[in-house]
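Here's my_file_21.txt, which has compact mmCIF, C-alpha atoms:
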```
# COMPACT_ATOMS: atom_id res chain seq x y z
CA MET R 1 0.00 0.00 0.00
CA ARG R 2 1.26 3.48 -0.73
CA LEU R 3 0.07 7.06 -1.15
CA THR R 4 0.16 8.72 -4.53
CA LYS R 5 3.00 10.91 -5.72
CA THR R 6 1.60 11.61 -9.18
CA LEU R 7 -1.69 10.58 -10.69
CA THR R 8 -3.11 10.43 -14.19
CA THR R 9 -6.85 9.74 -14.34
CA LEU R 10 -9.80 10.18 -16.68
CA PHE R 11 -11.65 13.45 -16.27
CA VAL R 12 -15.22 12.91 -17.44
CA SER R 13 -16.59 16.27 -16.37
CA LEU R 14 -13.57 18.55 -16.81
CA CYS R 15 -11.94 16.81 -13.83
CA PHE R 16 -13.51 13.44 -12.99
CA ILE R 17 -12.08 12.62 -9.63
CA CYS R 18 -13.12 16.01 -8.34
CA PHE R 19 -16.70 14.96 -9.13
CA ILE R 20 -17.61 17.93 -11.31
CA THR R 21 -21.27 18.38 -12.06
CA THR R 22 -21.05 19.90 -15.53
CA ALA R 23 -21.61 18.14 -18.86
CA PRO R 24 -19.13 15.39 -19.79
CA ALA R 25 -15.96 16.32 -21.65
CA LEU R 26 -13.43 13.68 -22.60
CA GLY R 27 -9.77 14.13 -21.88
CA PHE R 28 -6.85 13.06 -19.75
CA ILE R 29 -5.28 15.40 -17.22
CA GLU R 30 -2.35 14.57 -14.98
CA ARG R 31 -2.46 15.82 -11.41
CA GLU R 32 -1.61 14.56 -8.01
CA TYR R 33 -4.46 13.22 -5.92
CA THR R 34 -4.14 12.01 -2.34
CA ILE R 35 -6.34 9.73 -0.27
CA ARG R 36 -7.30 12.67 1.92
CA GLU R 37 -8.41 14.67 -1.12
CA VAL R 38 -10.56 11.75 -2.25
CA LEU R 39 -12.19 11.64 1.19
CA ASP R 40 -12.72 15.40 1.24
CA ALA R 41 -14.25 15.49 -2.24
CA CYS R 42 -16.79 12.74 -1.52
CA THR R 43 -20.26 13.35 -0.16
CA ASN R 44 -20.50 9.63 0.63
CA ILE R 45 -18.25 6.69 1.38
CA VAL R 46 -19.76 3.22 1.61
CA PHE R 47 -18.18 0.05 2.98
CA GLY R 48 -19.96 -2.89 1.40
CA GLU R 49 -19.56 -6.32 -0.12
CA ILE R 50 -20.29 -7.92 -3.48
CA GLU R 51 -23.65 -9.63 -3.02
CA SER R 52 -24.05 -11.14 -6.49
CA VAL R 53 -22.36 -11.21 -9.89
CA ASN R 54 -24.21 -11.98 -13.12
CA LYS R 55 -21.45 -12.90 -15.56
CA THR R 56 -23.87 -13.24 -18.48
CA ARG R 57 -25.52 -9.84 -18.18
CA TYR R 58 -22.44 -8.14 -16.70
CA GLN R 59 -24.26 -6.94 -13.60
CA THR R 60 -23.33 -6.90 -9.94
CA ILE R 61 -25.15 -5.95 -6.75
CA VAL R 62 -23.26 -4.34 -3.86
CA LYS R 63 -24.69 -4.79 -0.39
CA VAL R 64 -24.27 -1.63 1.73
CA ASN R 65 -22.84 -2.67 5.11
CA GLU R 66 -21.87 0.72 6.52
CA ASP R 67 -22.12 4.39 5.62
CA VAL R 68 -18.81 5.73 6.89
CA LYS R 69 -19.40 9.19 5.41
CA GLY R 70 -22.83 10.56 4.52
CA LYS R 71 -26.07 8.56 4.32
CA SER R 72 -26.66 6.46 1.23
CA ASN R 73 -30.26 5.67 2.26
CA THR R 74 -30.18 2.40 0.36
CA ALA R 75 -29.45 -1.21 1.21
CA GLU R 76 -27.78 -1.96 -2.11
CA LEU R 77 -26.04 -0.39 -5.11
CA LYS R 78 -26.66 -1.84 -8.58
CA PHE R 79 -23.84 -1.78 -11.12
CA ASN R 80 -24.26 -2.31 -14.87
CA LEU R 81 -20.81 -3.36 -16.05
CA ALA R 82 -21.75 -3.86 -19.72
CA THR R 83 -21.43 -0.12 -20.43
CA GLY R 84 -17.67 0.05 -19.84
CA HIS R 85 -14.78 0.56 -22.21
CA TYR R 86 -14.23 -2.57 -24.29
CA LYS R 87 -10.47 -2.44 -24.43
CA GLN R 88 -7.65 -4.47 -23.01
CA GLY R 89 -6.97 -3.71 -19.37
CA SER R 90 -10.28 -1.93 -18.73
CA SER R 91 -13.04 -4.13 -20.10
CA PRO R 92 -16.29 -5.33 -18.54
CA GLN R 93 -15.00 -8.89 -19.03
CA LYS R 94 -11.94 -8.17 -16.91
CA LEU R 95 -13.92 -6.52 -14.14
CA VAL R 96 -16.58 -9.22 -13.98
CA ARG R 97 -13.81 -11.81 -13.57
CA LEU R 98 -12.40 -9.84 -10.61
CA LEU R 99 -15.70 -9.52 -8.74
CA LYS R 100 -16.74 -12.39 -6.49
CA PRO R 101 -19.62 -12.67 -4.00
CA GLY R 102 -18.51 -11.78 -0.49
CA MET R 103 -15.64 -9.52 -1.59
CA PRO R 104 -15.38 -6.30 0.45
CA ILE R 105 -15.62 -3.08 -1.55
CA ILE R 106 -15.31 0.65 -0.90
CA VAL R 107 -17.48 3.03 -2.92
CA PHE R 108 -16.43 6.69 -2.92
CA TYR R 109 -18.99 8.97 -4.53
CA ARG R 110 -20.20 12.52 -4.86
CA ALA R 111 -23.97 12.98 -5.25
CA ASN R 112 -25.43 16.00 -7.01
CA ASN R 113 -28.58 17.02 -8.88
CA TYR R 114 -27.34 15.26 -12.01
CA GLY R 115 -26.61 11.93 -10.36
CA VAL R 116 -23.43 10.49 -8.87
CA ASP R 117 -19.79 10.20 -9.86
CA SER R 118 -17.87 7.49 -8.06
CA MET R 119 -14.65 5.57 -7.71
CA CYS R 120 -14.86 2.03 -6.34
CA PHE R 121 -12.07 -0.04 -4.84
CA ILE R 122 -11.69 -3.79 -4.56
CA ASP R 123 -8.40 -5.53 -3.84
CA ASN R 124 -5.70 -3.68 -5.84
CA THR R 125 -8.24 -2.36 -8.36
CA TRP R 126 -10.01 0.98 -8.85
CA PHE R 127 -12.94 1.39 -11.23
CA GLN R 128 -15.38 4.18 -12.06
CA MET R 129 -19.18 4.05 -11.97
CA ARG R 130 -21.67 6.81 -12.86
CA GLY R 131 -25.36 7.44 -12.20
CA TYR R 132 -27.17 10.01 -14.33
CA HIS R 133 -30.25 11.37 -12.57
CA ARG R 134 -31.63 12.37 -9.19
CA ARG R 135 -32.72 8.85 -8.24
CA SER R 136 -29.45 7.30 -9.36
CA ARG R 137 -28.63 5.86 -5.95
CA SER R 138 -31.58 3.47 -6.33
CA SER R 139 -31.08 2.82 -10.08
CA TRP R 140 -28.39 1.11 -12.12
CA TRP R 141 -25.00 2.81 -12.19
CA SER R 142 -22.96 2.57 -15.38
CA PHE R 143 -19.39 1.27 -15.48
CA THR R 144 -16.92 3.42 -17.43
CA HIS R 145 -13.41 2.04 -16.91
CA ILE R 146 -10.84 0.42 -14.68
CA ASP R 147 -8.30 3.07 -13.73
CA PRO R 148 -4.75 1.68 -13.41
CA MET R 149 -3.29 5.02 -12.34
CA MET R 150 -5.37 5.17 -9.18
CA SER R 151 -3.19 2.37 -7.78
CA ARG R 152 -0.74 5.14 -6.94
CA THR R 153 -3.33 6.55 -4.57
CA PHE R 154 -3.65 3.19 -2.81
CA ASP R 155 -2.56 -0.30 -3.79
CA GLY R 156 -3.39 -3.17 -1.45
CA LYS R 157 -6.18 -5.15 0.13
CA THR R 158 -9.62 -3.65 0.66
CA VAL R 159 -9.72 -4.48 4.37
CA ALA R 160 -6.42 -2.65 4.91
CA PHE R 161 -7.69 0.35 2.92
CA GLN R 162 -10.88 0.41 5.00
CA LYS R 163 -8.78 0.88 8.14
CA VAL R 164 -6.83 3.73 6.50
CA VAL R 165 -10.07 5.43 5.42
CA ARG R 166 -11.63 5.04 8.85
CA ASP R 167 -8.54 6.40 10.62
CA MET R 168 -8.40 9.42 8.32
CA LEU R 169 -12.09 10.15 8.77
CA ASP R 170 -11.50 9.97 12.53
CA GLY R 171 -9.02 12.84 12.16
CA LYS R 172 -5.79 10.85 12.43
CA MET R 173 -2.83 12.25 10.52
CA TRP R 174 0.15 10.51 8.91
CA VAL R 175 -1.82 7.26 9.09
CA MET R 176 0.64 5.32 6.93
CA ALA R 177 3.83 6.75 8.42
CA THR R 178 6.35 4.40 10.04
CA GLU R 179 8.24 5.07 13.24
CA ASN R 180 11.25 6.32 11.26
CA THR R 181 9.22 8.65 9.05
CA LEU R 182 9.69 12.41 9.25
CA LYS R 183 6.27 14.07 9.37
CA ALA R 184 5.83 17.37 7.55
CA TYR R 185 2.73 19.50 8.11
CA VAL R 186 1.96 22.01 5.33
CA LEU R 187 -0.27 25.06 5.71
CA THR R 188 -1.54 25.61 2.16
CA GLY R 189 -4.53 26.24 -0.06
CA ASN R 190 -5.76 29.60 1.25
CA SER R 191 -3.84 32.10 -0.84
CA THR R 192 -2.79 30.46 -4.10
CA SER R 193 -4.87 28.72 -6.75
CA PRO R 194 -5.07 24.93 -6.56
CA THR R 195 -3.82 22.72 -9.36
CA TRP R 196 -6.32 22.63 -12.20
CA GLY R 197 -7.91 25.67 -10.60
CA GLN R 198 -10.80 25.67 -13.08
CA THR R 199 -12.55 23.03 -10.95
CA PRO R 200 -15.30 24.46 -8.72
CA VAL R 201 -14.92 21.84 -5.97
CA ASP R 202 -13.83 23.69 -2.85
CA THR R 203 -12.12 20.61 -1.39
CA ASN R 204 -9.32 20.85 -3.97
CA THR R 205 -6.37 22.03 -1.88
CA MET R 206 -3.57 20.57 -3.97
CA THR R 207 -1.52 23.68 -4.62
CA TYR R 208 1.48 23.42 -6.91
CA GLU R 209 3.71 24.07 -3.92
CA TYR R 210 2.23 21.15 -1.99
CA GLN R 211 2.37 18.92 -5.05
CA ALA R 212 6.11 19.62 -5.40
CA LEU R 213 6.71 18.92 -1.73
CA ARG R 214 4.88 15.59 -1.89
CA ASN R 215 7.20 14.45 -4.66
CA ILE R 216 10.06 14.48 -2.13
CA LYS R 217 10.01 10.93 -0.86
CA LYS R 218 12.83 10.97 1.65
CA VAL R 219 15.51 13.10 3.28
CA GLY R 220 18.74 11.24 3.78
CA LYS R 221 17.76 7.70 4.78
CA ARG R 222 14.45 8.69 6.36
CA PRO R 223 11.12 8.56 4.53
CA LEU R 224 9.12 11.77 4.46
CA ALA R 225 5.33 11.93 4.85
CA PHE R 226 3.20 15.02 4.25
CA GLU R 227 -0.16 16.18 5.49
CA TYR R 228 -1.77 19.48 4.58
CA THR R 229 -4.24 21.81 6.24
CA LYS R 230 -6.08 24.97 5.27
CA VAL R 231 -6.93 25.59 8.92
CA ARG R 232 -4.69 28.33 10.27
CA THR R 233 -5.08 27.16 13.86
CA LEU R 234 -2.81 24.24 12.87
CA PRO R 235 -4.71 21.64 14.93
CA HIS R 236 -2.15 18.82 14.46
CA LEU R 237 1.02 20.87 14.80
CA LYS R 238 2.27 19.10 17.92
CA ASP R 239 2.47 15.80 15.99
CA ALA R 240 4.67 17.19 13.20
CA ASP R 241 8.46 17.20 12.90
CA ILE R 242 8.47 20.04 10.36
CA LEU R 243 5.92 22.79 9.69
CA TRP R 244 6.00 24.27 6.18
CA ILE R 245 4.07 27.54 5.98
CA GLY R 246 3.12 27.86 2.33
CA TYR R 247 3.43 30.77 -0.04
CA GLU R 248 1.47 33.84 1.17
CA GLU R 249 -0.09 31.89 4.05
CA ILE R 250 1.26 34.44 6.54
CA SER R 251 0.18 37.46 4.55
CA SER R 252 -1.41 38.02 1.17
CA TYR R 253 -2.05 41.30 -0.66
CA GLY R 254 -0.78 43.07 2.44
CA ARG R 255 -3.35 41.35 4.69
CA TYR R 256 -1.89 39.55 7.70
CA LEU R 257 -3.54 36.16 8.17
CA LEU R 258 -2.36 34.60 11.45
CA SER R 259 -4.19 34.97 14.75
CA LYS R 260 -2.51 35.61 18.09
CA ASN R 261 -3.22 32.02 19.13
CA THR R 262 -1.59 30.66 15.98
CA GLU R 263 1.40 32.93 16.43
CA GLN R 264 1.90 31.61 19.96
CA ALA R 265 1.40 28.00 18.86
CA ILE R 266 4.14 28.38 16.24
CA LYS R 267 6.55 29.98 18.71
CA ASP R 268 5.88 27.30 21.31
CA TYR R 269 6.39 24.61 18.68
CA VAL R 270 9.81 25.96 17.69
CA LYS R 271 10.84 26.61 21.29
CA ASN R 272 10.18 22.96 22.08
CA GLY R 273 12.27 21.68 19.18
CA GLY R 274 10.14 22.00 16.06
CA ILE R 275 11.39 23.30 12.74
CA VAL R 276 9.35 25.84 10.77
CA VAL R 277 10.01 26.61 7.11
CA VAL R 278 8.48 29.86 5.91
CA SER R 279 7.80 30.11 2.21
CA GLY R 280 7.28 33.50 0.54
CA GLN R 281 5.17 36.24 2.10
CA ASP R 282 3.45 39.30 0.68
CA SER R 283 4.06 42.84 1.88
CA THR R 284 2.95 46.25 0.67
CA PRO R 285 4.87 49.51 1.13
CA ASN R 286 2.57 50.48 3.99
CA LYS R 287 2.04 47.01 5.48
CA PRO R 288 5.14 44.90 6.05
CA CYS R 289 4.42 41.24 6.72
CA GLY R 290 3.68 40.63 10.42
CA ILE R 291 6.21 38.70 12.47
CA GLY R 292 4.22 37.72 15.56
CA TRP R 293 5.00 34.07 14.74
CA LEU R 294 8.72 34.79 15.15
CA ASP R 295 10.79 35.68 18.20
CA GLY R 296 12.92 38.76 17.56
CA LYS R 297 12.98 41.31 14.77
CA LEU R 298 12.63 40.96 11.00
CA LYS R 299 10.92 43.11 8.39
CA GLY R 300 8.99 41.97 5.34
CA VAL R 301 9.33 44.29 2.36
CA GLU R 302 7.69 44.62 -1.02
CA SER R 303 10.21 44.05 -3.75
CA PRO R 304 10.05 43.18 -7.44
CA PRO R 305 10.48 39.56 -8.53
CA LYS R 306 14.10 38.44 -8.75
CA ARG R 307 16.08 35.38 -9.74
CA VAL R 308 19.65 36.30 -8.84
CA PHE R 309 21.19 35.76 -5.39
CA ILE R 310 24.57 35.77 -3.67
CA LYS R 311 25.50 32.84 -1.44
CA THR R 312 27.30 33.34 1.83
CA GLU R 313 30.19 31.18 3.03
CA ASP R 314 27.79 29.27 5.30
CA ALA R 315 25.51 28.24 2.43
CA ASP R 316 27.36 25.33 0.82
CA ALA R 317 25.27 22.51 2.29
CA LEU R 318 21.92 24.16 1.69
CA PHE R 319 22.67 24.96 -1.95
CA SER R 320 24.39 21.68 -2.84
CA THR R 321 22.56 18.83 -1.05
CA PRO R 322 21.04 16.96 -2.76
CA ASN R 323 20.72 19.45 -5.66
CA LYS R 324 23.15 22.02 -7.03
CA ILE R 325 21.31 25.35 -6.96
CA GLN R 326 22.59 28.17 -9.16
CA SER R 327 21.81 31.86 -9.05
CA GLY R 328 19.29 32.81 -11.71
CA LYS R 329 17.53 29.43 -11.52
CA ILE R 330 14.99 30.23 -8.79
CA TYR R 331 12.15 32.71 -8.33
CA ILE R 332 12.15 35.21 -5.46
CA ASP R 333 9.53 37.82 -4.56
CA ASP R 334 8.80 39.98 -1.51
CA ALA R 335 11.73 39.45 0.83
CA TRP R 336 13.02 40.20 4.32
CA THR R 337 15.35 42.85 5.78
CA GLU R 338 16.59 43.99 9.20
CA TRP R 339 17.46 40.52 10.43
CA GLU R 340 19.34 39.99 13.68
CA ALA R 341 23.10 39.75 13.98
CA ASP R 342 23.13 36.13 15.11
CA ASP R 343 20.80 34.88 12.36
CA GLU R 344 22.32 32.46 9.86
CA VAL R 345 22.20 34.10 6.43
CA PHE R 346 22.63 31.74 3.47
CA ALA R 347 21.77 33.95 0.51
CA THR R 348 20.86 37.57 -0.19
CA THR R 349 19.92 39.65 -3.23
CA PRO R 350 22.95 41.37 -4.81
CA ASP R 351 21.68 44.95 -5.05
CA THR R 352 19.20 45.35 -2.21
CA ASN R 353 20.77 42.95 0.33
CA GLU R 354 17.45 41.31 1.10
CA LEU R 355 17.24 37.88 2.68
CA VAL R 356 16.64 35.02 0.22
CA VAL R 357 17.21 32.15 2.67
CA GLY R 358 18.22 32.31 6.31
CA ALA R 359 17.72 30.58 9.64
CA ARG R 360 17.07 31.61 13.23
CA LYS R 361 17.48 29.46 16.31
CA TYR R 362 14.82 29.71 18.99
CA GLY R 363 14.79 27.52 22.05
CA LYS R 364 15.42 23.94 20.95
CA GLY R 365 14.14 24.53 17.41
CA LEU R 366 14.75 26.50 14.25
CA TYR R 367 13.07 28.83 11.79
CA ILE R 368 14.14 28.58 8.13
CA ILE R 369 12.95 31.75 6.43
CA THR R 370 12.77 32.12 2.65
CA SER R 371 11.55 34.58 0.05
CA LEU R 372 10.54 31.95 -2.50
CA ARG R 373 7.82 32.80 -4.97
CA ASN R 374 5.69 29.65 -5.19
CA ASP R 375 2.54 31.10 -6.71
CA ASN R 376 2.10 29.04 -9.89
CA GLN R 377 3.15 25.91 -11.69
CA TYR R 378 6.18 27.45 -13.42
CA THR R 379 7.70 29.26 -10.45
CA VAL R 380 7.27 26.15 -8.30
CA SER R 381 8.93 24.02 -10.97
CA MET R 382 11.94 26.34 -10.80
CA ASN R 383 12.04 26.38 -6.98
CA LYS R 384 11.34 22.72 -6.22
CA ALA R 385 15.01 21.68 -6.19
CA LEU R 386 15.79 24.31 -3.55
CA MET R 387 12.67 23.30 -1.63
CA GLU R 388 14.04 19.76 -1.47
CA ASN R 389 17.40 21.07 -0.26
CA ILE R 390 15.66 23.08 2.45
CA LEU R 391 13.92 19.96 3.75
CA HIS R 392 17.21 18.07 3.76
CA TYR R 393 18.80 20.91 5.68
CA ALA R 394 15.86 21.01 8.13
CA ALA R 395 16.23 17.28 8.79
CA SER R 396 19.96 17.67 9.37
CA ARG R 397 19.29 20.32 12.04
CA MET R 398 16.75 18.28 13.97
CA GLN R 399 17.76 17.30 17.46
CA LYS R 400 18.46 13.60 17.77
```

I need this file expressed as C-alpha cells, please.
Amino acid sequence: MRLTKTLTTLFVSLCFICFITTAPALGFIEREYTIREVLDACTNIVFGEIESVNKTRYQTIVKVNEDVKGKSNTAELKFNLATGHYKQGSSPQKLVRLLKPGMPIIVFYRANNYGVDSMCFIDNTWFQMRGYHRRSRSSWWSFTHIDPMMSRTFDGKTVAFQKVVRDMLDGKMWVMATENTLKAYVLTGNSTSPTWGQTPVDTNTMTYEYQALRNIKKVGKRPLAFEYTKVRTLPHLKDADILWIGYEEISSYGRYLLSKNTEQAIKDYVKNGGIVVVSGQDSTPNKPCGIGWLDGKLKGVESPPKRVFIKTEDADALFSTPNKIQSGKIYIDDAWTEWEADDEVFATTPDTNELVVGARKYGKGLYIITSLRNDNQYTVSMNKALMENILHYAASRMQK
C-alpha cells in the first residue's frame, strides 16, 4: 500500500475525480491526488460487499454494510458493467472476472442534482461508476473504466484500505507513516490557486507548492510523509516534525492572516524543538508582513520579482545537497530585511541585500525563512530543487 506521488486519471466532467457536475468532456489530465483529497471530495463513502455477480448480463449488486461518510439511504447499489470501455486492461470482461460474491468493496462517490460520480475499490483495483439522474442511488449505475493510475493513490487489500479510510475520517494524521518517518505539516490552499484551478470543488487544496513537496520521498535515509491543512489554527502541529508555511499563508495582498493564538502556537512549537520553514510572504509599502509568529525582529518588504542571489560562506550545504542550486535558476519575490546579527544568512539579493534564505534558532528549534515565490506551476517548478534542499537541511538540524 502506498500514497500517490503523481496521478493520471480520466476526467469525465472537466476533472472526474473532483466529481464535477457539468456536462461530460473527454480528456486526460495529470495531477496529483491524495487519499485525503478523495475523502474530502466525496459526499458519501460506503463500505460494502459484493452480493451477487451476473457474468452473463455483466451486472453486480453491492450490499451496503456501513455508511462511513454521509447517508446512502439504500441497502444496495446496482452496477451495470456492460457499459464500460471494451479495451484491453479496462473491459467489462476483466472486471466481472475480478468480482466475487462476499468480496469487500469501498465506494467513494459525490452525489449531485445530475446523479453520482464514483470511484470504487476492490483488492488492488479501482474502477469508475456513474449514475445520471436524481434517483441514481436506487437505479443502475454505469461502469466506465478500470483506472490503473489510481493504484498510486492506494494499492493493497480492501480491508487494509478500510482501516486507513476510517482512521483518516476519525481525524488521524500521517496514518501510513512508520516510526522512522519524518512528518511534515503544510499550511496551504488559502492564498494560491489549486492545481487545475478551473474546478469548482472547494475541497481541492492541492496547490502546486504542496504537489512539489509531496514528490520528495525521503531526506537522507528517512522517509518523508506530508499532510496538509487549510486551517490556520494548525490543529495537528504538535504531531509534526516540520511545519512548512506555504506561499502567502502568513500574509497576502498586504493582509496579515495569522491569529494571536496561531502565532503563539508556532513559537511554542519551535521553542520545544520543532522546525518551521516559511515560504514566501506578501508585503505592501505600507504594510510589512507581520512577524508575531517569530521571536525577535525581522521586516517583510515589497520588492520586485528576482532570480539572482549571492550565497554566503555558510551556504554550501543548503545549496548543494542533494541538488546544485545556481543563481538565476529560482524565483524570489517579496523578501526580508533587518534581520538579527546572530541569524544564519545563506543567501541575499545582490543589489538590495534582502534575505533570500536564512535561519534563526529559537529555544530547541529552528526557523528557516525564505523569500521563494511559489505562486504558480512554473515558479514552483523552478524552486522545487531548492525546496528539497531546504527539507534536507531542516532534517539535518533536527535534534536527535

Check: Which one is closest to Glu51 of chain R: R:Glu37, R:Pro104, R:Tyr362, R:Ser381? Count all atoms listed in the file.
Finding: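 Selected residue with least distance to Glu51 of chain R: R:Pro104.
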
Note to self: If I take atom CA of Gly156 of chain R and atom CA of Met103 of chain R, how far is one from the other in Å, to one decimal?
What the structure shows: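 Taking atom CA of Gly156 of chain R as the start and atom CA of Met103 of chain R as the end point, the length is 13.8 Å.
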
Next item on the list: Around the point (5.3, 6.5, 11.6) in the file's coordinates, collect all residues with an atom within 12 Å, using all atoms listed in the file, and return them as a list in words.
Entry: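 Residues lying no farther than 12 Å from the given point: Lys172, Met173, Trp174, Val175, Met176, Ala177, Thr178, Glu179, Asn180, Thr181, Leu182, Lys183, Ala184, Arg222, Pro223, Leu224, Ala225, Phe226, Asp239, Ala240 and Asp241 of chain R.
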
Next item on the list: Please tell me which residues are no farther than 9 Å from (-23.4, -3.8, -16.0) in the file, counting all atoms listed in the file, and write them as a PyMOL selection string.
Entry: chain R and resi 54+57-60+78-84+92+96+140-143

Item checked: Between atom CA of Pro235 of chain R and atom CA of Val68 of chain R, distance in Å (one decimal) ->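 Atom-to-atom, atom CA of Pro235 of chain R and atom CA of Val68 of chain R are spaced 22.7 Å apart.
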
For Val46 of chain R, list every protein, DNA or RNA residue within 8 Å, evaluated using all atoms listed in the file, and leave out those in the same chain fewer than 2 positions away; present the list as a PDB file with C-alpha atoms, in the coordinates of the input.
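Written file, selection32.pdb:
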```pdb
ATOM      1  CA  ASN R  44     -20.500   9.630   0.630  1.00  0.00           C
ATOM      2  CA  GLY R  48     -19.960  -2.890   1.400  1.00  0.00           C
ATOM      3  CA  VAL R  64     -24.270  -1.630   1.730  1.00  0.00           C
ATOM      4  CA  ASN R  65     -22.840  -2.670   5.110  1.00  0.00           C
ATOM      5  CA  GLU R  66     -21.870   0.720   6.520  1.00  0.00           C
ATOM      6  CA  ASP R  67     -22.120   4.390   5.620  1.00  0.00           C
ATOM      7  CA  VAL R  68     -18.810   5.730   6.890  1.00  0.00           C
ATOM      8  CA  LYS R  69     -19.400   9.190   5.410  1.00  0.00           C
ATOM      9  CA  SER R  72     -26.660   6.460   1.230  1.00  0.00           C
ATOM     10  CA  ILE R 106     -15.310   0.650  -0.900  1.00  0.00           C
ATOM     11  CA  VAL R 107     -17.480   3.030  -2.920  1.00  0.00           C
ATOM     12  CA  PHE R 108     -16.430   6.690  -2.920  1.00  0.00           C
TER      13      PHE R 108
END
```

Check: Hey, which of R:Val277, R:Val219, R:Ala160, R:Glu388 ends up closest to Leu243 of chain R? Count only C-alpha atoms.
Finding: R:Val277

Next item on the list: Have a look at R:His392, R:Val53, R:Glu344, R:Leu386 and name the one nearest to Gly358 of chain R; count all atoms listed in the file.
Entry: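 Closest candidate: R:Glu344.
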
Item checked: For atom CA of Phe346 of chain R and atom CA of Lys311 of chain R, the interatomic separation in Å (one decimal) ->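 According to the coordinates, atom CA of Phe346 of chain R and atom CA of Lys311 of chain R are separated by 5.8 Å.
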
Margin query: Nearest residue to Phe309 of chain R out of R:Asn261, R:Asn215, R:Ser371, R:Asn190, using all atoms listed in the file?
Written below: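 For Phe309 of chain R, the nearest of the candidates is R:Ser371.
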
Note to self: as a list of chain:residue names, please: the residues near segment 292-306 of chain R (cut-off 6 Å, all atoms listed in the file, same-chain neighbours under 3 positions excluded).
What the structure shows: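 Here the answer would be R:Glu263, R:Ile266, R:Lys267, R:Ser283, R:Thr284, R:Pro288, R:Cys289, R:Ile332, R:Asp333, R:Asp334, R:Ala335, R:Trp336, R:Thr337, R:Glu338, R:Trp339.
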